[in-house]
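Engineer: Sharing query.cif (mmCIF, C-alpha atoms) below.
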data_final
loop_
_atom_site.label_atom_id
_atom_site.label_comp_id
_atom_site.auth_asym_id
_atom_site.auth_seq_id
_atom_site.Cartn_x
_atom_site.Cartn_y
_atom_site.Cartn_z
CA MET A 261 -22.46 -1.50 6.04
CA VAL A 262 -19.38 -0.35 4.15
CA THR A 263 -18.27 -3.93 3.59
CA GLU A 264 -21.70 -4.95 2.35
CA ASN A 265 -21.74 -2.03 -0.10
CA ILE A 266 -18.28 -2.95 -1.35
CA LEU A 267 -19.27 -6.56 -1.95
CA THR A 268 -22.44 -5.47 -3.75
CA GLU A 269 -20.44 -3.12 -5.99
CA TYR A 270 -17.89 -5.87 -6.62
CA HIS A 271 -20.55 -8.20 -7.96
CA LEU A 272 -22.11 -5.47 -10.12
CA ASN A 273 -19.10 -3.82 -11.75
CA THR A 274 -17.40 -5.17 -14.88
CA PHE A 275 -14.05 -3.38 -14.62
CA ASP A 276 -11.22 -5.22 -16.39
CA PHE A 277 -7.69 -3.97 -15.74
CA ARG A 278 -6.34 -5.88 -18.75
CA GLU A 279 -7.37 -2.98 -20.98
CA TYR A 280 -4.50 -1.03 -19.37
CA ALA A 281 -1.99 -3.83 -18.76
CA TYR A 282 1.59 -3.72 -20.00
CA PRO A 283 1.81 -6.14 -22.98
CA ASP A 284 5.17 -7.57 -21.94
CA ASP A 285 4.45 -7.91 -18.23
CA GLU A 286 6.35 -10.95 -16.98
CA PHE A 287 3.28 -11.96 -14.95
CA ALA A 288 0.86 -11.81 -17.89
CA TYR A 289 0.05 -15.49 -17.37
CA LEU A 290 -1.70 -14.46 -14.12
CA PHE A 291 -3.86 -11.75 -15.67
CA GLU A 292 -7.04 -13.79 -15.82
CA GLU A 293 -7.01 -14.56 -12.10
CA TRP A 294 -6.09 -10.93 -11.37
CA VAL A 295 -9.32 -9.64 -12.93
CA PRO A 296 -11.45 -10.18 -9.77
CA TYR A 297 -8.54 -8.90 -7.66
CA TYR A 298 -8.59 -5.50 -9.37
CA ARG A 299 -12.36 -5.55 -9.61
CA MET A 300 -12.40 -5.63 -5.80
CA LYS A 301 -9.99 -2.65 -5.69
CA TYR A 302 -12.36 -0.82 -8.01
CA ALA A 303 -15.34 -1.63 -5.80
CA ILE A 304 -13.57 -0.45 -2.65
CA CYS A 305 -12.60 2.85 -4.24
CA LYS A 306 -16.05 3.31 -5.78
CA ILE A 307 -17.73 3.00 -2.39
CA LEU A 308 -15.20 5.08 -0.43
CA ARG A 309 -15.23 7.84 -3.10
CA PRO A 310 -11.82 9.32 -2.17
CA SER A 311 -10.84 12.73 -3.51
CA SER A 312 -7.15 12.09 -2.75
CA ILE A 313 -5.20 8.83 -2.98
CA LEU A 314 -1.63 7.84 -2.15
CA GLU A 315 -0.17 4.46 -3.02
CA ILE A 316 3.02 2.79 -1.82
CA GLY A 317 4.14 0.29 -4.45
CA VAL A 318 3.11 1.20 -7.99
CA ARG A 319 4.77 -1.26 -10.40
CA TYR A 320 2.95 -0.92 -13.78
CA GLY A 321 0.19 1.20 -12.27
CA TYR A 322 -2.64 -1.32 -12.42
CA SER A 323 -4.00 -0.28 -9.02
CA ALA A 324 -3.45 3.37 -9.91
CA ILE A 325 -5.60 3.22 -13.03
CA THR A 326 -8.16 1.07 -11.20
CA PHE A 327 -8.56 3.68 -8.46
CA LEU A 328 -8.67 6.56 -10.92
CA LYS A 329 -11.32 4.85 -13.03
CA ALA A 330 -13.42 4.40 -9.89
CA ALA A 331 -12.82 7.97 -8.64
CA VAL A 332 -12.17 9.98 -11.79
CA LYS A 333 -11.80 13.35 -10.03
CA ALA A 334 -9.36 12.13 -7.39
CA THR A 335 -5.74 13.22 -7.16
CA TYR A 336 -3.25 10.37 -7.03
CA VAL A 337 0.33 10.16 -5.73
CA GLY A 338 2.30 6.95 -6.27
CA ILE A 339 5.53 6.03 -4.48
CA ASP A 340 7.73 3.29 -5.90
CA ASN A 341 11.42 2.41 -5.49
CA ASN A 342 11.59 1.38 -9.17
CA THR A 343 13.50 -1.85 -8.56
CA ASP A 344 12.93 -5.57 -9.12
CA THR A 345 12.61 -6.31 -5.40
CA TYR A 346 9.40 -7.42 -3.62
CA GLY A 347 7.44 -8.04 -6.79
CA GLY A 348 8.46 -4.76 -8.41
CA SER A 349 9.83 -4.26 -11.89
CA SER A 350 12.51 -1.73 -12.75
CA GLY A 351 11.20 0.80 -15.25
CA ALA A 352 7.57 -0.23 -14.82
CA ILE A 353 6.67 3.18 -13.42
CA HIS A 354 7.00 4.64 -16.93
CA TRP A 355 4.03 2.54 -18.03
CA ALA A 356 2.13 3.67 -14.94
CA ARG A 357 2.70 7.28 -15.97
CA LYS A 358 1.49 6.51 -19.48
CA ILE A 359 -1.83 4.88 -18.56
CA THR A 360 -2.67 7.59 -15.98
CA ARG A 361 -1.65 10.59 -18.08
CA ASP A 362 -5.26 11.77 -18.46
CA TYR A 363 -5.72 12.00 -14.69
CA ASP A 364 -4.33 14.11 -11.88
CA ALA A 365 -1.58 11.63 -11.11
CA SER A 366 2.03 12.11 -10.02
CA PHE A 367 4.77 9.66 -9.10
CA ILE A 368 7.73 9.70 -6.72
CA ILE A 369 10.66 7.31 -7.10
CA ALA A 370 11.71 6.60 -3.52
CA ASP A 371 11.97 3.80 -0.95
CA SER A 372 9.21 4.19 1.62
CA GLN A 373 11.31 2.15 4.07
CA GLU A 374 13.71 5.10 4.28
CA MET A 375 10.94 7.62 4.95
CA ILE A 376 9.81 8.94 8.33
CA SER A 377 6.86 10.81 6.83
CA LEU A 378 4.80 10.62 3.66
CA PRO A 379 4.65 13.65 1.38
CA GLY A 380 1.62 15.94 1.44
CA ASP A 381 -0.98 16.51 4.09
CA ARG A 382 -3.90 14.08 4.45
CA TYR A 383 -5.32 11.56 1.98
CA ASP A 384 -8.75 10.01 1.86
CA LEU A 385 -7.21 6.66 0.89
CA ILE A 386 -3.70 5.25 1.24
CA HIS A 387 -3.02 1.92 -0.47
CA ILE A 388 -0.12 -0.14 0.90
CA ASP A 389 1.31 -2.56 -1.64
CA GLY A 390 5.07 -2.20 -1.25
CA GLN A 391 7.57 -4.27 0.72
CA GLN A 392 5.26 -7.01 1.97
CA ASP A 393 7.64 -8.80 4.29
CA GLY A 394 6.09 -8.12 7.67
CA ASP A 395 8.42 -5.40 8.92
CA GLY A 396 8.03 -3.47 5.66
CA THR A 397 4.25 -3.60 5.90
CA PHE A 398 4.33 -2.48 9.53
CA HIS A 399 6.57 0.48 8.69
CA ASP A 400 4.36 1.57 5.79
CA LEU A 401 1.32 1.32 8.04
CA GLU A 402 3.01 3.63 10.54
CA LEU A 403 3.71 6.06 7.72
CA ALA A 404 0.08 5.97 6.63
CA LEU A 405 -1.56 6.25 10.04
CA PRO A 406 -1.38 10.05 10.55
CA LYS A 407 -2.00 10.77 6.86
CA ALA A 408 -4.99 8.60 5.95
CA ARG A 409 -8.72 8.56 6.56
CA TRP A 410 -8.80 5.04 5.09
CA ILE A 411 -5.87 2.61 4.79
CA LEU A 412 -6.11 -0.32 2.39
CA VAL A 413 -3.52 -3.06 2.95
CA ASP A 414 -2.97 -5.32 -0.03
CA GLY A 415 -2.25 -9.02 0.40
CA TYR A 416 -3.32 -9.48 4.01
CA PHE A 417 -3.17 -13.24 3.46
CA TRP A 418 0.01 -13.29 1.33
CA SER A 419 2.11 -14.61 4.20
CA SER A 420 1.98 -15.24 7.93
CA GLU A 421 4.56 -12.49 8.46
CA ASN A 422 2.46 -9.97 6.59
CA MET A 423 -0.77 -10.94 8.35
CA PHE A 424 0.77 -11.00 11.83
CA SER A 425 2.50 -7.63 11.33
CA ALA A 426 -0.69 -5.96 10.12
CA THR A 427 -2.65 -7.50 12.99
CA HIS A 428 -0.02 -6.37 15.50
CA PHE A 429 -0.33 -2.87 14.05
CA LEU A 430 -4.08 -2.94 14.72
CA LYS A 431 -3.48 -3.94 18.34
CA LYS A 432 -0.63 -1.54 19.01
CA TYR A 433 -2.39 1.50 17.54
CA SER A 434 -6.01 0.58 18.31
CA ARG A 435 -6.54 3.97 19.96
CA PHE A 436 -6.12 5.60 16.53
CA ILE A 437 -8.43 3.19 14.68
CA GLU A 438 -12.20 3.53 14.40
CA TYR A 439 -12.60 0.05 12.96
CA ALA A 440 -11.06 -2.42 10.52
CA THR A 441 -12.48 -5.10 8.27
CA ILE A 442 -11.01 -7.93 6.21
CA ILE A 443 -12.37 -8.31 2.69
CA PRO A 444 -11.75 -11.82 1.31
CA GLY A 445 -10.55 -12.38 -2.22
CA TYR A 446 -7.41 -13.13 -4.20
CA ALA A 447 -5.03 -12.32 -1.35
CA GLY A 448 -7.28 -10.54 1.13
CA ASP A 449 -7.63 -6.79 1.65
CA LEU A 450 -7.44 -5.21 5.09
CA LEU A 451 -9.44 -1.97 5.20
CA ILE A 452 -8.76 0.34 8.14
CA LYS A 453 -10.79 3.42 9.12
CA THR A 454 -8.70 5.78 11.22
CA ASN A 455 -10.15 8.20 13.74
CA ASP A 456 -9.44 11.91 14.16
CA SER A 457 -6.79 11.35 16.83
CA ALA A 458 -4.61 9.48 14.29
CA LYS A 459 -3.49 12.86 12.94
CA SER A 460 -1.50 13.34 16.15
CA PHE A 461 0.55 10.17 15.66
CA GLY A 462 4.17 10.94 14.81
CA LEU A 463 6.44 8.27 13.35
CA GLN A 464 9.45 10.47 14.10
CA GLU A 465 8.88 9.82 17.80
CA CYS A 466 9.12 6.03 17.55
CA SER A 467 11.07 5.29 14.38
CA TYR A 468 14.16 3.11 14.51
CA LEU A 469 15.63 4.83 11.44
CA PRO A 470 17.75 7.45 13.32
CA LEU A 471 19.42 4.58 15.21
CA LYS A 472 20.73 2.81 12.12
CA SER A 473 23.93 4.83 11.94
CA GLU A 474 24.77 3.95 15.56
CA TYR A 475 24.93 0.21 14.88
CA ASP A 476 28.24 0.32 13.05
CA TYR A 477 31.43 -1.78 13.04
CA ASP A 478 32.82 -0.14 16.19
CA TYR A 479 29.65 -0.86 18.13
CA PHE A 480 29.58 -4.57 17.33
CA GLN A 481 33.33 -5.04 17.83
CA LYS A 482 33.91 -2.88 20.91
CA ASP A 483 30.72 -2.06 22.77
CA CYS A 484 27.74 -4.42 22.43
CA GLY A 485 27.13 -7.18 24.94
CA GLY A 486 29.39 -10.17 24.30
CA TYR A 487 31.70 -8.29 21.91
CA ASP A 488 34.82 -9.59 23.68
CA SER A 489 33.96 -13.22 22.83
#
Go ahead and render the structure in this file as C-alpha cells.
Structural biologist:
Amino acid sequence: MVTENILTEYHLNTFDFREYAYPDDEFAYLFEEWVPYYRMKYAICKILRPSSILEIGVRYGYSAITFLKAAVKATYVGIDNNTDTYGGSSGAIHWARKITRDYDASFIIADSQEMISLPGDRYDLIHIDGQQDGDGTFHDLELALPKARWILVDGYFWSSENMFSATHFLKKYSRFIEYATIIPGYAGDLLIKTNDSAKSFGLQECSYLPLKSEYDYDYFQKDCGGYDS
C-alpha cells in the first residue's frame, strides 16, 4: 500500500529541484534527467510524512531541500565529508546550508565511515546517499538500523556491489526489518521499514573499526600467517 501511494504521489506532484540547484554544478548537464529522480524522493517523503530526517551524503543539498519541501515541519540533519570523493563536491555543503536556511536544518562535516553511531536519538527517515561502493553502503546501513523507522537507500541499482551489499544487509539483519520494497526509477530506491527490535541493535558490538589500529606494520611483517615468506 505504501508503494502504491508513493507511485500515485509521484505521478501527481510537479516538484522541480532545479529551482534550488547550484548554477555552477559540474553535473548541470544531467539536471533534466534528475527531475523525475528528485520527484520520486519528494513523493516518498510526502507519503511517509517524517518529522525528523537524517541524511548521509549531502553534496549541494538537493535531496535535503526536496525532503524539506515535502515535509515542511520536519527537522533535518545532514552528514557530509565535504570532499570530492564518491560523487561529492568540496564546499558544496555551503550551498546546501543556503537553500535550507528557512527550515530546521543543520549540517555536520564528518565521514560516516569513521562513525560507530549516528548523532541524535531516533529519526523517522534516514537517507543513505554517501559512499556507494558496497562496503560503504553496508556500513551506513548498520549505522542507520538502530536509529531509523524508515531507511531510504539511494542508487540501489547503481552497481552490483551496491545492490549486493544492500541485499546482504537485508538478509543478515532480517530480524530487525518489518519489510522492504524496491521503487524503480533513475537508479532505484530501496525503502526499508524497521521494526521495534531494531533499536536494540548496536554497531559497537560488531564493528571492525576498533581493529584497524591492530593491523599495522609490525603485524604484517612479524605476526600474520605467511609473514616469514
Engineer: I'd like to see the residues matched by the PyMOL selection byres ((chain A and resi 381) around 10) on this file, and ideally I'd get them as JSON, numbers by chain.
Structural biologist: {"A": [378, 379, 380, 382, 383, 406, 407, 408, 459]}
Engineer: Using only C-alpha atoms, which residue out of A:Leu430, A:Ile359, A:Ile316, A:Ile325 lies closest to Asp400 (chain A)?
Structural biologist: A:Ile316
Engineer: Evaluate the PyMOL selection byres ((chain A and resi 309) around 9) on the structure here and hand back the selected residues as a PDB file with C-alpha atoms, in the frame of the given file.
Structural biologist:
ATOM      1  CA  ILE A 304     -13.570  -0.450  -2.650  1.00  0.00           C
ATOM      2  CA  CYS A 305     -12.600   2.850  -4.240  1.00  0.00           C
ATOM      3  CA  LYS A 306     -16.050   3.310  -5.780  1.00  0.00           C
ATOM      4  CA  ILE A 307     -17.730   3.000  -2.390  1.00  0.00           C
ATOM      5  CA  LEU A 308     -15.200   5.080  -0.430  1.00  0.00           C
ATOM      6  CA  PRO A 310     -11.820   9.320  -2.170  1.00  0.00           C
ATOM      7  CA  SER A 311     -10.840  12.730  -3.510  1.00  0.00           C
ATOM      8  CA  ALA A 330     -13.420   4.400  -9.890  1.00  0.00           C
ATOM      9  CA  ALA A 331     -12.820   7.970  -8.640  1.00  0.00           C
ATOM     10  CA  ALA A 334      -9.360  12.130  -7.390  1.00  0.00           C
ATOM     11  CA  ASP A 384      -8.750  10.010   1.860  1.00  0.00           C
TER      12      ASP A 384
END
Engineer: Given the file above and the PyMOL selection byres ((chain A and resi 439-456) around 8), which residues are selected, and can you give them as a ChimeraX atom specification?
Structural biologist: /A:263,294,296-297,300,405,408-418,436-438,457-459
Engineer: Would you mind exporting the chosen residues as a PDB file, keeping the file's coordinate frame, restricted to C-alpha atoms?
Structural biologist:
ATOM      1  CA  THR A 263     -18.270  -3.930   3.590  1.00  0.00           C
ATOM      2  CA  TRP A 294      -6.090 -10.930 -11.370  1.00  0.00           C
ATOM      3  CA  PRO A 296     -11.450 -10.180  -9.770  1.00  0.00           C
ATOM      4  CA  TYR A 297      -8.540  -8.900  -7.660  1.00  0.00           C
ATOM      5  CA  MET A 300     -12.400  -5.630  -5.800  1.00  0.00           C
ATOM      6  CA  LEU A 405      -1.560   6.250  10.040  1.00  0.00           C
ATOM      7  CA  ALA A 408      -4.990   8.600   5.950  1.00  0.00           C
ATOM      8  CA  ARG A 409      -8.720   8.560   6.560  1.00  0.00           C
ATOM      9  CA  TRP A 410      -8.800   5.040   5.090  1.00  0.00           C
ATOM     10  CA  ILE A 411      -5.870   2.610   4.790  1.00  0.00           C
ATOM     11  CA  LEU A 412      -6.110  -0.320   2.390  1.00  0.00           C
ATOM     12  CA  VAL A 413      -3.520  -3.060   2.950  1.00  0.00           C
ATOM     13  CA  ASP A 414      -2.970  -5.320  -0.030  1.00  0.00           C
ATOM     14  CA  GLY A 415      -2.250  -9.020   0.400  1.00  0.00           C
ATOM     15  CA  TYR A 416      -3.320  -9.480   4.010  1.00  0.00           C
ATOM     16  CA  PHE A 417      -3.170 -13.240   3.460  1.00  0.00           C
ATOM     17  CA  TRP A 418       0.010 -13.290   1.330  1.00  0.00           C
ATOM     18  CA  PHE A 436      -6.120   5.600  16.530  1.00  0.00           C
ATOM     19  CA  ILE A 437      -8.430   3.190  14.680  1.00  0.00           C
ATOM     20  CA  GLU A 438     -12.200   3.530  14.400  1.00  0.00           C
ATOM     21  CA  SER A 457      -6.790  11.350  16.830  1.00  0.00           C
ATOM     22  CA  ALA A 458      -4.610   9.480  14.290  1.00  0.00           C
ATOM     23  CA  LYS A 459      -3.490  12.860  12.940  1.00  0.00           C
TER      24      LYS A 459
END
Engineer: How far is it from CA of Lys301 (chain A) to CA of Phe398 (chain A), in Å with one decimal?
Structural biologist: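 Between these atoms lies a distance of 20.9 Å.
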Engineer: At what distance in Å, to one decimal, does CA of Ala303 (chain A) lie from CA of Ile266 (chain A)?
Structural biologist: 5.5 Å
Engineer: Counting only C-alpha atoms, which of A:Leu403, A:Asp395, A:Gly351, A:Lys358 gets nearest to Thr427 (chain A)?
Structural biologist: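 Nearest to Thr427 (chain A): A:Asp395.
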Engineer: Counting all atoms listed in the file, figure out which residue out of A:Leu272, A:Ala365, A:Met375, A:Met423 gets nearest to Lys333 (chain A).
Structural biologist: A:Ala365
Engineer: Considering only C-alpha atoms, can you say which of A:Asp284, A:Glu279, A:Asp393, A:Glu269 comes closest to Ser349 (chain A)?
Structural biologist: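 Of A:Asp284, A:Glu279, A:Asp393, A:Glu269, the one nearest Ser349 (chain A) is A:Asp284, counting only C-alpha atoms.
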Engineer: Taking only C-alpha atoms into account, which of A:Ser350, A:Asn265, A:Ser434, A:Ser420 comes nearest Glu286 (chain A)?
Structural biologist: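 Checking each candidate against Glu286 (chain A), we get A:Ser350 as the closest.
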Engineer: By how many Å are CA of Ala426 (chain A) and CA of Glu315 (chain A) apart?
Structural biologist: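 Between CA of Ala426 (chain A) and CA of Glu315 (chain A) the gap works out to 16.8 Å.
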Engineer: Restricting the calculation to only C-alpha atoms: of A:Asn273, A:Ser419, A:Thr397, A:Thr360, which residue gets closest to Tyr322 (chain A)?
Structural biologist: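 Ranked by minimum distance to Tyr322 (chain A), first place goes to A:Thr360.
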Engineer: Please return as a PyMOL selection string every residue within 9 Å of (-1.8, 1.7, -7.5), taking into account all atoms listed in the file and the file's own coordinates.
Structural biologist: chain A and resi 314-327+336-338+356+387-389
Engineer: From (5.2, 6.8, -11.2), in the file's coordinates, out to 7 Å: which residues are reached, counting all atoms listed in the file? Answer as number ranges by chain.
Structural biologist: A: 318, 338-340, 353-354, 356-357, 366-369
Engineer: How about saving the chosen residues, C-alpha atoms kept, as a PDB file, in the frame of the given file?
Structural biologist:
ATOM      1  CA  VAL A 318       3.110   1.200  -7.990  1.00  0.00           C
ATOM      2  CA  GLY A 338       2.300   6.950  -6.270  1.00  0.00           C
ATOM      3  CA  ILE A 339       5.530   6.030  -4.480  1.00  0.00           C
ATOM      4  CA  ASP A 340       7.730   3.290  -5.900  1.00  0.00           C
ATOM      5  CA  ILE A 353       6.670   3.180 -13.420  1.00  0.00           C
ATOM      6  CA  HIS A 354       7.000   4.640 -16.930  1.00  0.00           C
ATOM      7  CA  ALA A 356       2.130   3.670 -14.940  1.00  0.00           C
ATOM      8  CA  ARG A 357       2.700   7.280 -15.970  1.00  0.00           C
ATOM      9  CA  SER A 366       2.030  12.110 -10.020  1.00  0.00           C
ATOM     10  CA  PHE A 367       4.770   9.660  -9.100  1.00  0.00           C
ATOM     11  CA  ILE A 368       7.730   9.700  -6.720  1.00  0.00           C
ATOM     12  CA  ILE A 369      10.660   7.310  -7.100  1.00  0.00           C
TER      13      ILE A 369
END
Engineer: Generate all heavy atoms for region 323-334 of chain A and emit them as a PDB file, in the coordinates of the input.
Structural biologist:
ATOM      1  N   SER A 323      -3.134  -0.790 -10.089  1.00  0.00           N
ATOM      2  CA  SER A 323      -4.000  -0.280  -9.020  1.00  0.00           C
ATOM      3  C   SER A 323      -4.277   1.201  -9.216  1.00  0.00           C
ATOM      4  O   SER A 323      -5.393   1.670  -8.958  1.00  0.00           O
ATOM      5  CB  SER A 323      -3.362  -0.514  -7.649  1.00  0.00           C
ATOM      6  OG  SER A 323      -3.314  -1.879  -7.321  1.00  0.00           O
ATOM      7  N   ALA A 324      -3.280   1.931  -9.689  1.00  0.00           N
ATOM      8  CA  ALA A 324      -3.450   3.370  -9.910  1.00  0.00           C
ATOM      9  C   ALA A 324      -4.584   3.642 -10.883  1.00  0.00           C
ATOM     10  O   ALA A 324      -5.490   4.441 -10.602  1.00  0.00           O
ATOM     11  CB  ALA A 324      -2.146   3.982 -10.419  1.00  0.00           C
ATOM     12  N   ILE A 325      -4.559   2.980 -12.029  1.00  0.00           N
ATOM     13  CA  ILE A 325      -5.600   3.220 -13.030  1.00  0.00           C
ATOM     14  C   ILE A 325      -6.944   2.673 -12.534  1.00  0.00           C
ATOM     15  O   ILE A 325      -8.007   3.251 -12.832  1.00  0.00           O
ATOM     16  CB  ILE A 325      -5.222   2.605 -14.400  1.00  0.00           C
ATOM     17  CG1 ILE A 325      -6.172   3.120 -15.499  1.00  0.00           C
ATOM     18  CG2 ILE A 325      -5.184   1.097 -14.353  1.00  0.00           C
ATOM     19  CD1 ILE A 325      -6.144   4.607 -15.717  1.00  0.00           C
ATOM     20  N   THR A 326      -6.922   1.603 -11.765  1.00  0.00           N
ATOM     21  CA  THR A 326      -8.160   1.070 -11.200  1.00  0.00           C
ATOM     22  C   THR A 326      -8.824   2.093 -10.288  1.00  0.00           C
ATOM     23  O   THR A 326     -10.024   2.368 -10.394  1.00  0.00           O
ATOM     24  CB  THR A 326      -7.876  -0.226 -10.414  1.00  0.00           C
ATOM     25  OG1 THR A 326      -7.329  -1.209 -11.305  1.00  0.00           O
ATOM     26  CG2 THR A 326      -9.144  -0.767  -9.772  1.00  0.00           C
ATOM     27  N   PHE A 327      -8.028   2.668  -9.378  1.00  0.00           N
ATOM     28  CA  PHE A 327      -8.560   3.680  -8.460  1.00  0.00           C
ATOM     29  C   PHE A 327      -9.067   4.905  -9.217  1.00  0.00           C
ATOM     30  O   PHE A 327     -10.124   5.450  -8.902  1.00  0.00           O
ATOM     31  CB  PHE A 327      -7.492   4.090  -7.451  1.00  0.00           C
ATOM     32  CG  PHE A 327      -7.092   3.019  -6.481  1.00  0.00           C
ATOM     33  CD1 PHE A 327      -5.774   2.907  -6.067  1.00  0.00           C
ATOM     34  CD2 PHE A 327      -8.024   2.118  -5.979  1.00  0.00           C
ATOM     35  CE1 PHE A 327      -5.394   1.922  -5.158  1.00  0.00           C
ATOM     36  CE2 PHE A 327      -7.657   1.122  -5.080  1.00  0.00           C
ATOM     37  CZ  PHE A 327      -6.329   1.036  -4.659  1.00  0.00           C
ATOM     38  N   LEU A 328      -8.316   5.345 -10.195  1.00  0.00           N
ATOM     39  CA  LEU A 328      -8.670   6.560 -10.920  1.00  0.00           C
ATOM     40  C   LEU A 328      -9.888   6.351 -11.822  1.00  0.00           C
ATOM     41  O   LEU A 328     -10.639   7.298 -12.088  1.00  0.00           O
ATOM     42  CB  LEU A 328      -7.477   7.062 -11.725  1.00  0.00           C
ATOM     43  CG  LEU A 328      -6.336   7.624 -10.861  1.00  0.00           C
ATOM     44  CD1 LEU A 328      -5.075   7.834 -11.686  1.00  0.00           C
ATOM     45  CD2 LEU A 328      -6.759   8.920 -10.177  1.00  0.00           C
ATOM     46  N   LYS A 329     -10.100   5.153 -12.279  1.00  0.00           N
ATOM     47  CA  LYS A 329     -11.320   4.850 -13.030  1.00  0.00           C
ATOM     48  C   LYS A 329     -12.541   4.845 -12.108  1.00  0.00           C
ATOM     49  O   LYS A 329     -13.654   5.191 -12.526  1.00  0.00           O
ATOM     50  CB  LYS A 329     -11.195   3.507 -13.750  1.00  0.00           C
ATOM     51  CG  LYS A 329     -10.340   3.543 -15.004  1.00  0.00           C
ATOM     52  CD  LYS A 329     -11.009   4.355 -16.104  1.00  0.00           C
ATOM     53  CE  LYS A 329     -10.196   4.416 -17.360  1.00  0.00           C
ATOM     54  NZ  LYS A 329     -10.853   5.211 -18.420  1.00  0.00           N
ATOM     55  N   ALA A 330     -12.324   4.440 -10.867  1.00  0.00           N
ATOM     56  CA  ALA A 330     -13.420   4.400  -9.890  1.00  0.00           C
ATOM     57  C   ALA A 330     -13.704   5.772  -9.292  1.00  0.00           C
ATOM     58  O   ALA A 330     -14.837   6.058  -8.893  1.00  0.00           O
ATOM     59  CB  ALA A 330     -13.102   3.409  -8.784  1.00  0.00           C
ATOM     60  N   ALA A 331     -12.681   6.621  -9.210  1.00  0.00           N
ATOM     61  CA  ALA A 331     -12.820   7.970  -8.640  1.00  0.00           C
ATOM     62  C   ALA A 331     -12.128   8.939  -9.591  1.00  0.00           C
ATOM     63  O   ALA A 331     -10.989   9.360  -9.364  1.00  0.00           O
ATOM     64  CB  ALA A 331     -12.209   8.024  -7.242  1.00  0.00           C
ATOM     65  N   VAL A 332     -12.808   9.276 -10.664  1.00  0.00           N
ATOM     66  CA  VAL A 332     -12.170   9.980 -11.790  1.00  0.00           C
ATOM     67  C   VAL A 332     -11.666  11.375 -11.435  1.00  0.00           C
ATOM     68  O   VAL A 332     -10.776  11.908 -12.097  1.00  0.00           O
ATOM     69  CB  VAL A 332     -13.128  10.060 -12.997  1.00  0.00           C
ATOM     70  CG1 VAL A 332     -13.410   8.675 -13.541  1.00  0.00           C
ATOM     71  CG2 VAL A 332     -14.429  10.761 -12.618  1.00  0.00           C
ATOM     72  N   LYS A 333     -12.214  11.995 -10.401  1.00  0.00           N
ATOM     73  CA  LYS A 333     -11.800  13.350 -10.030  1.00  0.00           C
ATOM     74  C   LYS A 333     -10.748  13.377  -8.926  1.00  0.00           C
ATOM     75  O   LYS A 333     -10.323  14.442  -8.497  1.00  0.00           O
ATOM     76  CB  LYS A 333     -13.019  14.172  -9.606  1.00  0.00           C
ATOM     77  CG  LYS A 333     -14.023  14.399 -10.740  1.00  0.00           C
ATOM     78  CD  LYS A 333     -15.172  15.281 -10.276  1.00  0.00           C
ATOM     79  CE  LYS A 333     -16.155  15.541 -11.418  1.00  0.00           C
ATOM     80  NZ  LYS A 333     -17.292  16.392 -10.976  1.00  0.00           N
ATOM     81  N   ALA A 334     -10.326  12.208  -8.489  1.00  0.00           N
ATOM     82  CA  ALA A 334      -9.360  12.130  -7.390  1.00  0.00           C
ATOM     83  C   ALA A 334      -7.956  12.516  -7.852  1.00  0.00           C
ATOM     84  O   ALA A 334      -7.584  12.322  -9.008  1.00  0.00           O
ATOM     85  CB  ALA A 334      -9.342  10.719  -6.802  1.00  0.00           C
TER      86      ALA A 334
END
